[in-house]
$ cat run_10.cif   # mmCIF, N, CA and C atoms
data_input
loop_
_atom_site.label_atom_id
_atom_site.label_comp_id
_atom_site.auth_asym_id
_atom_site.auth_seq_id
_atom_site.Cartn_x
_atom_site.Cartn_y
_atom_site.Cartn_z
N MET A 23 6.26 -13.88 -19.86
CA MET A 23 6.42 -12.95 -18.75
C MET A 23 6.60 -13.76 -17.47
N SER A 24 7.59 -13.41 -16.67
CA SER A 24 7.87 -14.10 -15.42
C SER A 24 6.75 -13.90 -14.42
N LYS A 25 6.45 -14.95 -13.67
CA LYS A 25 5.44 -14.82 -12.62
C LYS A 25 6.03 -14.14 -11.40
N ASP A 26 7.36 -14.15 -11.26
CA ASP A 26 7.98 -13.53 -10.09
C ASP A 26 7.90 -12.01 -10.15
N ILE A 27 8.44 -11.42 -11.18
CA ILE A 27 8.42 -9.96 -11.29
C ILE A 27 7.60 -9.60 -12.50
N ILE A 28 6.48 -8.93 -12.24
CA ILE A 28 5.57 -8.62 -13.33
C ILE A 28 5.75 -7.18 -13.80
N ILE A 29 6.02 -6.30 -12.89
CA ILE A 29 6.19 -4.90 -13.28
C ILE A 29 7.35 -4.31 -12.51
N ASN A 30 7.81 -3.19 -12.97
CA ASN A 30 8.82 -2.44 -12.26
C ASN A 30 8.52 -0.96 -12.45
N LYS A 31 8.11 -0.31 -11.43
CA LYS A 31 7.78 1.10 -11.33
C LYS A 31 6.65 1.53 -12.26
N PHE A 32 5.50 1.71 -11.69
CA PHE A 32 4.31 2.14 -12.39
C PHE A 32 3.80 3.39 -11.68
N GLU A 33 3.82 4.53 -12.37
CA GLU A 33 3.50 5.79 -11.73
C GLU A 33 2.23 6.47 -12.24
N ASP A 34 1.39 5.76 -12.94
CA ASP A 34 0.15 6.33 -13.45
C ASP A 34 -0.87 6.39 -12.32
N LYS A 35 -1.07 7.60 -11.76
CA LYS A 35 -1.96 7.76 -10.60
C LYS A 35 -3.38 7.30 -10.88
N ASP A 36 -3.88 7.56 -12.08
CA ASP A 36 -5.25 7.14 -12.41
C ASP A 36 -5.35 5.61 -12.45
N PHE A 37 -4.35 4.97 -13.04
CA PHE A 37 -4.34 3.52 -13.08
C PHE A 37 -4.26 2.93 -11.68
N ILE A 38 -3.32 3.45 -10.88
CA ILE A 38 -3.15 2.98 -9.50
C ILE A 38 -4.45 3.18 -8.73
N GLY A 39 -5.05 4.36 -8.85
CA GLY A 39 -6.30 4.66 -8.16
C GLY A 39 -7.42 3.72 -8.56
N GLY A 40 -7.42 3.29 -9.82
CA GLY A 40 -8.45 2.38 -10.30
C GLY A 40 -8.34 0.97 -9.73
N LEU A 41 -7.19 0.65 -9.15
CA LEU A 41 -6.99 -0.66 -8.54
C LEU A 41 -7.44 -0.70 -7.08
N LEU A 42 -7.75 0.47 -6.54
CA LEU A 42 -8.11 0.59 -5.13
C LEU A 42 -9.59 0.91 -4.96
N PRO A 43 -10.18 0.44 -3.87
CA PRO A 43 -11.58 0.81 -3.62
C PRO A 43 -11.72 2.27 -3.15
N GLN A 44 -10.67 2.84 -2.58
CA GLN A 44 -10.70 4.22 -2.12
C GLN A 44 -10.63 5.17 -3.31
N LYS A 45 -11.19 6.34 -3.15
CA LYS A 45 -11.17 7.36 -4.20
C LYS A 45 -10.59 8.66 -3.64
N PHE A 46 -10.09 9.53 -4.53
CA PHE A 46 -9.53 10.82 -4.13
C PHE A 46 -10.56 11.56 -3.28
N PRO A 47 -10.17 12.21 -2.23
CA PRO A 47 -8.80 12.46 -1.74
C PRO A 47 -8.31 11.43 -0.73
N PHE A 48 -8.97 10.29 -0.66
CA PHE A 48 -8.64 9.29 0.35
C PHE A 48 -7.56 8.31 -0.11
N VAL A 49 -7.10 8.41 -1.35
CA VAL A 49 -6.07 7.50 -1.86
C VAL A 49 -4.72 7.86 -1.25
N MET A 50 -4.07 6.85 -0.67
CA MET A 50 -2.79 7.05 0.02
C MET A 50 -1.65 6.26 -0.64
N VAL A 51 -1.84 5.88 -1.91
CA VAL A 51 -0.81 5.19 -2.69
C VAL A 51 -0.83 5.81 -4.08
N ASP A 52 0.33 6.20 -4.60
CA ASP A 52 0.34 6.77 -5.95
C ASP A 52 1.38 6.14 -6.88
N LYS A 53 2.11 5.14 -6.38
CA LYS A 53 3.10 4.46 -7.22
C LYS A 53 3.16 2.98 -6.86
N MET A 54 3.49 2.18 -7.87
CA MET A 54 3.76 0.76 -7.66
C MET A 54 5.16 0.53 -8.23
N TYR A 55 6.10 0.20 -7.38
CA TYR A 55 7.49 0.03 -7.81
C TYR A 55 7.80 -1.40 -8.22
N ASP A 56 7.14 -2.36 -7.58
CA ASP A 56 7.44 -3.75 -7.89
C ASP A 56 6.26 -4.60 -7.45
N TYR A 57 6.02 -5.68 -8.16
CA TYR A 57 4.94 -6.59 -7.84
C TYR A 57 5.38 -8.02 -8.12
N THR A 58 5.12 -8.91 -7.18
CA THR A 58 5.22 -10.34 -7.40
C THR A 58 3.95 -10.96 -6.82
N GLU A 59 3.77 -12.25 -7.00
CA GLU A 59 2.59 -12.90 -6.43
C GLU A 59 2.58 -12.85 -4.91
N THR A 60 3.74 -12.66 -4.30
CA THR A 60 3.83 -12.68 -2.83
C THR A 60 4.31 -11.37 -2.22
N SER A 61 4.42 -10.31 -3.03
CA SER A 61 4.88 -9.03 -2.48
C SER A 61 4.52 -7.87 -3.40
N ILE A 62 4.60 -6.69 -2.82
CA ILE A 62 4.44 -5.47 -3.60
C ILE A 62 5.26 -4.38 -2.92
N VAL A 63 5.78 -3.47 -3.73
CA VAL A 63 6.45 -2.28 -3.22
C VAL A 63 5.70 -1.09 -3.80
N SER A 64 5.16 -0.26 -2.90
CA SER A 64 4.35 0.89 -3.31
C SER A 64 4.99 2.17 -2.80
N GLY A 65 4.49 3.29 -3.31
CA GLY A 65 5.00 4.58 -2.87
C GLY A 65 3.88 5.59 -2.72
N PHE A 66 4.19 6.65 -1.97
CA PHE A 66 3.23 7.74 -1.78
C PHE A 66 4.00 9.00 -1.47
N LYS A 67 3.77 10.04 -2.28
CA LYS A 67 4.36 11.34 -2.02
C LYS A 67 3.38 12.13 -1.16
N ILE A 68 3.87 12.63 -0.04
CA ILE A 68 3.02 13.34 0.92
C ILE A 68 2.70 14.73 0.37
N GLU A 69 1.42 14.96 0.16
CA GLU A 69 0.96 16.26 -0.34
C GLU A 69 0.03 16.90 0.68
N ALA A 70 -0.08 18.20 0.63
CA ALA A 70 -0.88 18.95 1.60
C ALA A 70 -2.36 18.60 1.53
N ASN A 71 -2.84 18.10 0.39
CA ASN A 71 -4.27 17.78 0.27
C ASN A 71 -4.59 16.35 0.73
N ALA A 72 -3.61 15.62 1.25
CA ALA A 72 -3.86 14.27 1.77
C ALA A 72 -4.79 14.37 2.98
N VAL A 73 -5.74 13.46 3.06
CA VAL A 73 -6.74 13.50 4.12
C VAL A 73 -6.10 13.51 5.51
N PHE A 74 -5.06 12.75 5.71
CA PHE A 74 -4.44 12.64 7.03
C PHE A 74 -3.21 13.54 7.18
N PHE A 75 -3.10 14.57 6.39
CA PHE A 75 -2.00 15.53 6.49
C PHE A 75 -2.39 16.59 7.51
N GLN A 76 -1.53 16.79 8.51
CA GLN A 76 -1.85 17.73 9.59
C GLN A 76 -0.56 18.32 10.15
N ASP A 77 -0.54 19.62 10.29
CA ASP A 77 0.60 20.32 10.90
C ASP A 77 1.94 19.94 10.26
N GLY A 78 1.94 19.77 8.95
CA GLY A 78 3.18 19.50 8.23
C GLY A 78 3.56 18.04 8.11
N TYR A 79 2.74 17.13 8.65
CA TYR A 79 3.08 15.70 8.66
C TYR A 79 1.89 14.85 8.22
N LEU A 80 2.19 13.66 7.70
CA LEU A 80 1.17 12.63 7.53
C LEU A 80 1.06 11.96 8.90
N VAL A 81 -0.10 12.06 9.54
CA VAL A 81 -0.26 11.55 10.90
C VAL A 81 -0.31 10.02 10.91
N GLU A 82 -0.27 9.44 12.11
CA GLU A 82 -0.21 7.99 12.28
C GLU A 82 -1.31 7.27 11.51
N ALA A 83 -2.54 7.77 11.60
CA ALA A 83 -3.66 7.12 10.90
C ALA A 83 -3.41 7.10 9.40
N GLY A 84 -2.81 8.14 8.86
CA GLY A 84 -2.50 8.19 7.43
C GLY A 84 -1.44 7.19 7.04
N LEU A 85 -0.45 7.04 7.90
CA LEU A 85 0.61 6.07 7.64
C LEU A 85 0.05 4.64 7.66
N ILE A 86 -0.82 4.35 8.62
CA ILE A 86 -1.45 3.03 8.70
C ILE A 86 -2.37 2.81 7.50
N GLU A 87 -3.11 3.85 7.11
CA GLU A 87 -3.99 3.72 5.94
C GLU A 87 -3.17 3.49 4.68
N HIS A 88 -2.03 4.17 4.55
CA HIS A 88 -1.14 3.93 3.41
C HIS A 88 -0.68 2.47 3.39
N MET A 89 -0.33 1.93 4.54
CA MET A 89 0.11 0.54 4.62
C MET A 89 -1.03 -0.40 4.18
N ALA A 90 -2.23 -0.14 4.67
CA ALA A 90 -3.39 -0.97 4.32
C ALA A 90 -3.71 -0.86 2.83
N GLN A 91 -3.62 0.35 2.27
CA GLN A 91 -3.89 0.51 0.84
C GLN A 91 -2.82 -0.15 -0.01
N SER A 92 -1.62 -0.26 0.51
CA SER A 92 -0.57 -0.99 -0.21
C SER A 92 -0.95 -2.46 -0.34
N VAL A 93 -1.53 -3.01 0.72
CA VAL A 93 -2.04 -4.39 0.67
C VAL A 93 -3.16 -4.48 -0.37
N ALA A 94 -4.08 -3.50 -0.32
CA ALA A 94 -5.20 -3.48 -1.27
C ALA A 94 -4.70 -3.34 -2.71
N LEU A 95 -3.61 -2.61 -2.91
CA LEU A 95 -3.05 -2.47 -4.25
C LEU A 95 -2.57 -3.82 -4.78
N HIS A 96 -1.97 -4.61 -3.92
CA HIS A 96 -1.53 -5.95 -4.33
C HIS A 96 -2.73 -6.76 -4.81
N THR A 97 -3.79 -6.77 -4.02
CA THR A 97 -5.00 -7.51 -4.39
C THR A 97 -5.61 -6.95 -5.67
N GLY A 98 -5.72 -5.63 -5.75
CA GLY A 98 -6.30 -5.00 -6.94
C GLY A 98 -5.53 -5.33 -8.20
N TYR A 99 -4.20 -5.35 -8.11
CA TYR A 99 -3.40 -5.66 -9.29
C TYR A 99 -3.53 -7.15 -9.67
N GLN A 100 -3.63 -8.02 -8.67
CA GLN A 100 -3.86 -9.44 -8.96
C GLN A 100 -5.14 -9.62 -9.77
N PHE A 101 -6.20 -8.96 -9.35
CA PHE A 101 -7.48 -9.07 -10.04
C PHE A 101 -7.40 -8.43 -11.43
N TYR A 102 -6.69 -7.32 -11.55
CA TYR A 102 -6.48 -6.67 -12.85
C TYR A 102 -5.81 -7.64 -13.83
N LEU A 103 -4.79 -8.34 -13.37
CA LEU A 103 -4.08 -9.29 -14.23
C LEU A 103 -4.99 -10.42 -14.70
N ARG A 104 -5.98 -10.76 -13.87
CA ARG A 104 -6.95 -11.81 -14.24
C ARG A 104 -8.14 -11.24 -15.00
N LYS A 105 -8.08 -9.92 -15.25
CA LYS A 105 -9.17 -9.22 -15.96
C LYS A 105 -10.50 -9.32 -15.22
N GLU A 106 -10.42 -9.21 -13.88
CA GLU A 106 -11.59 -9.24 -13.02
C GLU A 106 -11.65 -7.93 -12.24
N PRO A 107 -12.84 -7.48 -11.87
CA PRO A 107 -12.93 -6.25 -11.07
C PRO A 107 -12.35 -6.47 -9.67
N ALA A 108 -11.66 -5.47 -9.18
CA ALA A 108 -11.06 -5.56 -7.85
C ALA A 108 -12.14 -5.59 -6.78
N PRO A 109 -11.99 -6.48 -5.81
CA PRO A 109 -12.98 -6.56 -4.74
C PRO A 109 -12.73 -5.51 -3.66
N THR A 110 -13.73 -5.28 -2.86
CA THR A 110 -13.56 -4.45 -1.67
C THR A 110 -13.04 -5.35 -0.56
N GLY A 111 -12.16 -4.80 0.24
CA GLY A 111 -11.62 -5.56 1.37
C GLY A 111 -11.65 -4.72 2.63
N TYR A 112 -11.38 -5.36 3.72
CA TYR A 112 -11.39 -4.71 5.03
C TYR A 112 -10.16 -5.12 5.81
N ILE A 113 -9.74 -4.26 6.72
CA ILE A 113 -8.67 -4.63 7.63
C ILE A 113 -9.31 -5.50 8.70
N GLY A 114 -8.84 -6.74 8.81
CA GLY A 114 -9.36 -7.65 9.82
C GLY A 114 -8.68 -7.43 11.16
N SER A 115 -7.37 -7.17 11.10
CA SER A 115 -6.63 -6.88 12.34
C SER A 115 -5.32 -6.18 11.99
N ILE A 116 -4.83 -5.46 12.95
CA ILE A 116 -3.53 -4.79 12.87
C ILE A 116 -2.76 -5.22 14.11
N LYS A 117 -1.52 -5.65 13.90
CA LYS A 117 -0.75 -6.21 15.02
C LYS A 117 0.68 -5.68 14.97
N ASN A 118 1.20 -5.38 16.14
CA ASN A 118 2.61 -5.00 16.31
C ASN A 118 3.01 -3.81 15.44
N ILE A 119 2.13 -2.83 15.27
CA ILE A 119 2.49 -1.63 14.50
C ILE A 119 3.47 -0.79 15.31
N GLN A 120 4.57 -0.45 14.69
CA GLN A 120 5.56 0.44 15.30
C GLN A 120 5.77 1.61 14.35
N ILE A 121 5.54 2.81 14.83
CA ILE A 121 5.78 4.01 14.03
C ILE A 121 6.91 4.78 14.69
N LYS A 122 8.01 4.92 13.95
CA LYS A 122 9.21 5.56 14.49
C LYS A 122 9.32 7.02 14.08
N GLU A 123 8.70 7.36 12.95
CA GLU A 123 8.82 8.72 12.42
C GLU A 123 7.65 8.98 11.48
N LEU A 124 7.19 10.23 11.47
CA LEU A 124 6.12 10.63 10.56
C LEU A 124 6.71 11.35 9.36
N PRO A 125 6.27 11.02 8.15
CA PRO A 125 6.77 11.72 6.97
C PRO A 125 6.19 13.13 6.87
N LYS A 126 6.99 14.03 6.29
CA LYS A 126 6.61 15.43 6.14
C LYS A 126 6.15 15.72 4.71
N LEU A 127 5.66 16.93 4.52
CA LEU A 127 5.23 17.40 3.21
C LEU A 127 6.34 17.15 2.18
N ASN A 128 5.96 16.60 1.04
CA ASN A 128 6.84 16.29 -0.09
C ASN A 128 7.77 15.11 0.12
N ASP A 129 7.74 14.47 1.29
CA ASP A 129 8.49 13.23 1.47
C ASP A 129 7.84 12.14 0.63
N GLU A 130 8.63 11.19 0.17
CA GLU A 130 8.09 10.03 -0.54
C GLU A 130 8.37 8.80 0.29
N ILE A 131 7.30 8.14 0.72
CA ILE A 131 7.47 6.91 1.49
C ILE A 131 7.35 5.72 0.55
N ILE A 132 8.11 4.67 0.87
CA ILE A 132 8.14 3.45 0.09
C ILE A 132 7.76 2.30 1.03
N THR A 133 6.77 1.52 0.64
CA THR A 133 6.28 0.45 1.51
C THR A 133 6.40 -0.90 0.81
N THR A 134 6.92 -1.86 1.56
CA THR A 134 7.04 -3.23 1.08
C THR A 134 6.06 -4.10 1.85
N VAL A 135 5.21 -4.78 1.11
CA VAL A 135 4.24 -5.72 1.68
C VAL A 135 4.71 -7.12 1.30
N SER A 136 4.84 -7.98 2.30
CA SER A 136 5.20 -9.37 2.07
C SER A 136 4.04 -10.25 2.53
N ILE A 137 3.50 -11.03 1.60
CA ILE A 137 2.38 -11.91 1.92
C ILE A 137 2.92 -13.11 2.70
N LEU A 138 2.43 -13.30 3.91
CA LEU A 138 2.85 -14.43 4.73
C LEU A 138 1.94 -15.63 4.51
N GLN A 139 0.64 -15.35 4.36
CA GLN A 139 -0.34 -16.41 4.22
C GLN A 139 -1.59 -15.86 3.56
N GLY A 140 -2.21 -16.64 2.73
CA GLY A 140 -3.46 -16.25 2.12
C GLY A 140 -4.35 -17.46 1.91
N PHE A 141 -5.61 -17.35 2.36
CA PHE A 141 -6.53 -18.46 2.19
C PHE A 141 -7.96 -17.94 2.30
N ALA A 142 -8.81 -18.31 1.36
CA ALA A 142 -10.24 -18.02 1.38
C ALA A 142 -10.53 -16.53 1.57
N GLY A 143 -9.76 -15.68 0.88
CA GLY A 143 -10.00 -14.24 0.94
C GLY A 143 -9.42 -13.56 2.16
N ILE A 144 -8.69 -14.28 3.00
CA ILE A 144 -8.03 -13.70 4.17
C ILE A 144 -6.53 -13.73 3.90
N THR A 145 -5.89 -12.58 4.07
CA THR A 145 -4.46 -12.46 3.79
C THR A 145 -3.74 -11.89 5.01
N LEU A 146 -2.65 -12.53 5.41
CA LEU A 146 -1.80 -12.05 6.49
C LEU A 146 -0.51 -11.53 5.87
N VAL A 147 -0.13 -10.31 6.23
CA VAL A 147 1.04 -9.68 5.62
C VAL A 147 1.95 -9.02 6.65
N ASP A 148 3.21 -8.93 6.31
CA ASP A 148 4.17 -8.05 7.00
C ASP A 148 4.27 -6.80 6.14
N VAL A 149 4.31 -5.63 6.79
CA VAL A 149 4.39 -4.37 6.07
C VAL A 149 5.51 -3.54 6.68
N VAL A 150 6.39 -3.00 5.82
CA VAL A 150 7.49 -2.14 6.26
C VAL A 150 7.48 -0.89 5.40
N THR A 151 7.47 0.29 6.05
CA THR A 151 7.51 1.57 5.34
C THR A 151 8.84 2.25 5.61
N ARG A 152 9.43 2.76 4.52
CA ARG A 152 10.73 3.44 4.62
C ARG A 152 10.64 4.85 4.06
N LEU A 153 11.47 5.70 4.60
CA LEU A 153 11.66 7.06 4.10
C LEU A 153 13.15 7.25 3.93
N ASN A 154 13.60 7.54 2.71
CA ASN A 154 15.03 7.67 2.42
C ASN A 154 15.80 6.44 2.89
N ASP A 155 15.27 5.25 2.61
CA ASP A 155 15.88 3.97 2.96
C ASP A 155 15.99 3.71 4.45
N VAL A 156 15.29 4.49 5.28
CA VAL A 156 15.27 4.28 6.72
C VAL A 156 13.87 3.82 7.12
N GLU A 157 13.80 2.71 7.84
CA GLU A 157 12.50 2.18 8.28
C GLU A 157 11.84 3.16 9.25
N ILE A 158 10.61 3.57 8.90
CA ILE A 158 9.88 4.49 9.78
C ILE A 158 8.63 3.86 10.39
N ALA A 159 8.19 2.73 9.83
CA ALA A 159 7.01 2.04 10.37
C ALA A 159 7.03 0.59 9.92
N LYS A 160 6.43 -0.27 10.75
CA LYS A 160 6.30 -1.67 10.38
C LYS A 160 5.20 -2.30 11.20
N GLY A 161 4.74 -3.47 10.76
CA GLY A 161 3.73 -4.20 11.50
C GLY A 161 3.15 -5.31 10.65
N GLN A 162 2.12 -5.93 11.20
CA GLN A 162 1.41 -6.99 10.50
C GLN A 162 -0.06 -6.58 10.35
N MET A 163 -0.66 -7.01 9.27
CA MET A 163 -2.07 -6.77 9.03
C MET A 163 -2.70 -8.03 8.49
N LYS A 164 -3.96 -8.19 8.82
CA LYS A 164 -4.77 -9.25 8.23
C LYS A 164 -5.90 -8.55 7.50
N THR A 165 -6.06 -8.85 6.22
CA THR A 165 -7.14 -8.26 5.45
C THR A 165 -8.12 -9.34 5.03
N VAL A 166 -9.36 -8.92 4.84
CA VAL A 166 -10.43 -9.84 4.49
C VAL A 166 -11.18 -9.26 3.29
N LEU A 167 -11.39 -10.08 2.26
CA LEU A 167 -12.17 -9.64 1.10
C LEU A 167 -13.65 -9.71 1.42
N ALA A 168 -14.40 -8.72 0.95
CA ALA A 168 -15.84 -8.73 1.12
C ALA A 168 -16.43 -9.79 0.19
N ASN A 169 -17.50 -10.40 0.60
CA ASN A 169 -18.16 -11.41 -0.24
C ASN A 169 -19.17 -10.80 -1.16
#
$ encode --input "run_10.cif" --output "structure tokens"
Amino acid sequence: MSKDIIINKFEDKDFIGGLLPQKFPFVMVDKMYDYTETSIVSGFKIEANAVFFQDGYLVEAGLIEHMAQSVALHTGYQFYLRKEPAPTGYIGSIKNIQIKELPKLNDEIITTVSILQGFAGITLVDVVTRLNDVEIAKGQMKTVLAN
């Protein structure tokens, strides 16, 4: 099995949820489209029962939480591949977040996380979220694993 591309499109919500520290209804990722050691592409279909769904839209906090959970999904899947329990992590910082559009009910957002740097449980990433192949949000995040 190639170390570059390990999976292509994984839609088992229970499996995806098991890789994240968050639990329903707080889970903001329901698909994994692609995974490499340095990136992940995740998805989320906006449903009315989403915690951050308001007035027909996933609000800014929900979009940022989806981006952060996409990072957590990468970490959770790495640990799954090593047959280790996924650790809890925290957002250490959020930088240069730009939100251009909010997704609506039944929209499916696709997020690409690119790992820029990782050392001693601290990971710096670029995150880009698209809706219908149009960039709607982007930014950088630093995440920290709990000890």
$ closest_residue --input "run_10.cif" --among "A:Ile62, A:Ile158, A:Ala70, A:Val166" --to "Gly111 in chain A" --atoms "only C-alpha atoms"
A:Val166
$ residues_around --input "run_10.cif" --residues "His96 in chain A" --least-positions-apart "3" --cutoff "8 Å" --atoms "all atoms listed in the file" --output "list in words"
Leu41, Tyr57, Thr58, Ser61, Ile62, Val63, Ala90, Gln91, Ser92, Val93, Tyr99, Gln100, Phe101 and Tyr102 of chain A
$ select_by_dssp --input "run_10.cif" --residues "chain A" --states "strand (DSSP E)" --output "PyMOL selection string"
chain A and resi 29-32+53-58+61-67+75-76+79-80+111-121+130-141+144-153+156-167
$ axis_aligned_box --input "run_10.cif" --around "range 131-136 of chain A" --padding-each-side "4 Å" --output "JSON"
{"center_x": 6.1, "center_y": -1.1, "center_z": 1.3, "size_x": 12.1, "size_y": 26.4, "size_z": 10.4}
$ residues_around --input "run_10.cif" --residues "range 139-146 of chain A" --least-positions-apart "6" --cutoff "7 Å" --atoms "only N, CA and C atoms" --output "PDB file with N, CA and C atoms, keeping the file's coordinate frame"
ATOM      1  N   GLN A 162       2.120  -5.930  11.200  1.00  0.00           N
ATOM      2  CA  GLN A 162       1.410  -6.990  10.500  1.00  0.00           C
ATOM      3  C   GLN A 162      -0.060  -6.580  10.350  1.00  0.00           C
ATOM      4  N   MET A 163      -0.660  -7.010   9.270  1.00  0.00           N
ATOM      5  CA  MET A 163      -2.070  -6.770   9.030  1.00  0.00           C
ATOM      6  C   MET A 163      -2.700  -8.030   8.490  1.00  0.00           C
ATOM      7  N   LYS A 164      -3.960  -8.190   8.820  1.00  0.00           N
ATOM      8  CA  LYS A 164      -4.770  -9.250   8.230  1.00  0.00           C
ATOM      9  C   LYS A 164      -5.900  -8.550   7.500  1.00  0.00           C
ATOM     10  N   THR A 165      -6.060  -8.850   6.220  1.00  0.00           N
ATOM     11  CA  THR A 165      -7.140  -8.260   5.450  1.00  0.00           C
ATOM     12  C   THR A 165      -8.120  -9.340   5.030  1.00  0.00           C
ATOM     13  N   VAL A 166      -9.360  -8.920   4.840  1.00  0.00           N
ATOM     14  CA  VAL A 166     -10.430  -9.840   4.490  1.00  0.00           C
ATOM     15  C   VAL A 166     -11.180  -9.260   3.290  1.00  0.00           C
ATOM     16  N   LEU A 167     -11.390 -10.080   2.260  1.00  0.00           N
ATOM     17  CA  LEU A 167     -12.170  -9.640   1.100  1.00  0.00           C
ATOM     18  C   LEU A 167     -13.650  -9.710   1.420  1.00  0.00           C
TER      19      LEU A 167
END
$ closest_residue --input "run_10.cif" --among "A:Asp148, A:Glu87, A:Glu157, A:Glu130" --to "Phe66 in chain A" --atoms "only N, CA and C atoms"
A:Glu130
$ residues_near_point --input "run_10.cif" --point "(1.6, -3.0, 13.7)" --cutoff "6.5 Å" --atoms "all atoms listed in the file" --output "list in words"
Ile116, Lys117, Asn118, Ile119, Gln120, Lys160, Gly161, Gln162 and Met163 of chain A
$ residues_near_point --input "run_10.cif" --point "(-9.9, -0.9, -8.1)" --cutoff "6.5 Å" --atoms "only N, CA and C atoms" --output "PDB file with N, CA and C atoms, keeping the file's coordinate frame"
ATOM      1  N   GLY A  39      -5.050   4.360  -8.850  1.00  0.00           N
ATOM      2  CA  GLY A  39      -6.300   4.660  -8.160  1.00  0.00           C
ATOM      3  C   GLY A  39      -7.420   3.720  -8.560  1.00  0.00           C
ATOM      4  N   GLY A  40      -7.420   3.290  -9.820  1.00  0.00           N
ATOM      5  CA  GLY A  40      -8.450   2.380 -10.300  1.00  0.00           C
ATOM      6  C   GLY A  40      -8.340   0.970  -9.730  1.00  0.00           C
ATOM      7  N   LEU A  41      -7.190   0.650  -9.150  1.00  0.00           N
ATOM      8  CA  LEU A  41      -6.990  -0.660  -8.540  1.00  0.00           C
ATOM      9  C   LEU A  41      -7.440  -0.700  -7.080  1.00  0.00           C
ATOM     10  N   LEU A  42      -7.750   0.470  -6.540  1.00  0.00           N
ATOM     11  CA  LEU A  42      -8.110   0.590  -5.130  1.00  0.00           C
ATOM     12  C   LEU A  42      -9.590   0.910  -4.960  1.00  0.00           C
ATOM     13  N   PRO A  43     -10.180   0.440  -3.870  1.00  0.00           N
ATOM     14  CA  PRO A  43     -11.580   0.810  -3.620  1.00  0.00           C
ATOM     15  C   PRO A  43     -11.720   2.270  -3.150  1.00  0.00           C
ATOM     16  N   GLY A  98      -5.720  -5.630  -5.750  1.00  0.00           N
ATOM     17  CA  GLY A  98      -6.300  -5.000  -6.940  1.00  0.00           C
ATOM     18  C   GLY A  98      -5.530  -5.330  -8.200  1.00  0.00           C
ATOM     19  N   PRO A 107     -12.840  -7.480 -11.870  1.00  0.00           N
ATOM     20  CA  PRO A 107     -12.930  -6.250 -11.070  1.00  0.00           C
ATOM     21  C   PRO A 107     -12.350  -6.470  -9.670  1.00  0.00           C
ATOM     22  N   ALA A 108     -11.660  -5.470  -9.180  1.00  0.00           N
ATOM     23  CA  ALA A 108     -11.060  -5.560  -7.850  1.00  0.00           C
ATOM     24  C   ALA A 108     -12.140  -5.590  -6.780  1.00  0.00           C
ATOM     25  N   PRO A 109     -11.990  -6.480  -5.810  1.00  0.00           N
ATOM     26  CA  PRO A 109     -12.980  -6.560  -4.740  1.00  0.00           C
ATOM     27  C   PRO A 109     -12.730  -5.510  -3.660  1.00  0.00           C
TER      28      PRO A 109
END
$ residues_around --input "run_10.cif" --residues "Lys45 in chain A" --least-positions-apart "5" --cutoff "12 Å" --atoms "only C-alpha atoms" --output "VMD selection string"
chain A and resid 35 to 40 50 to 52 72 to 73 91
$ atom_distance --input "run_10.cif" --atom1 "CA of Leu103 in chain A" --atom2 "CA of Met89 in chain A"
21.7 Å
$ closest_residue --input "run_10.cif" --among "A:Leu80, A:Gly114, A:Val149, A:Ala168" --to "Ile137 in chain A" --atoms "only N, CA and C atoms"
A:Val149
$ select_by_dssp --input "run_10.cif" --residues "range 46-168 of chain A" --states "helix (DSSP H, G or I)" --output "list in words"
Glu82, Ala83, Gly84, Leu85, Ile86, Glu87, His88, Met89, Ala90, Gln91, Ser92, Val93, Ala94, Leu95, His96, Thr97, Gly98, Tyr99, Gln100, Phe101, Tyr102 and Leu103 of chain A
$ atom_distance --input "run_10.cif" --atom1 "atom C of Phe75 in chain A" --atom2 "atom N of Asn154 in chain A"
19.0 Å
$ closest_residue --input "run_10.cif" --among "A:Arg104, A:Ala94, A:Ile121, A:Lys67" --to "Glu82 in chain A" --atoms "all atoms listed in the file"
A:Ile121
$ closest_residue --input "run_10.cif" --among "A:Leu153, A:Gly84, A:Lys105, A:Asn71" --to "Asp129 in chain A" --atoms "all atoms listed in the file"
A:Leu153
$ atom_distance --input "run_10.cif" --atom1 "CA of Glu123 in chain A" --atom2 "CA of Asp155 in chain A"
12.7 Å
$ resolve_selection --input "run_10.cif" --expression "the PyMOL selection byres ((chain A and resi 125) around 7)" --output "PyMOL selection string"
chain A and resi 68+78-81+123-124+126-129
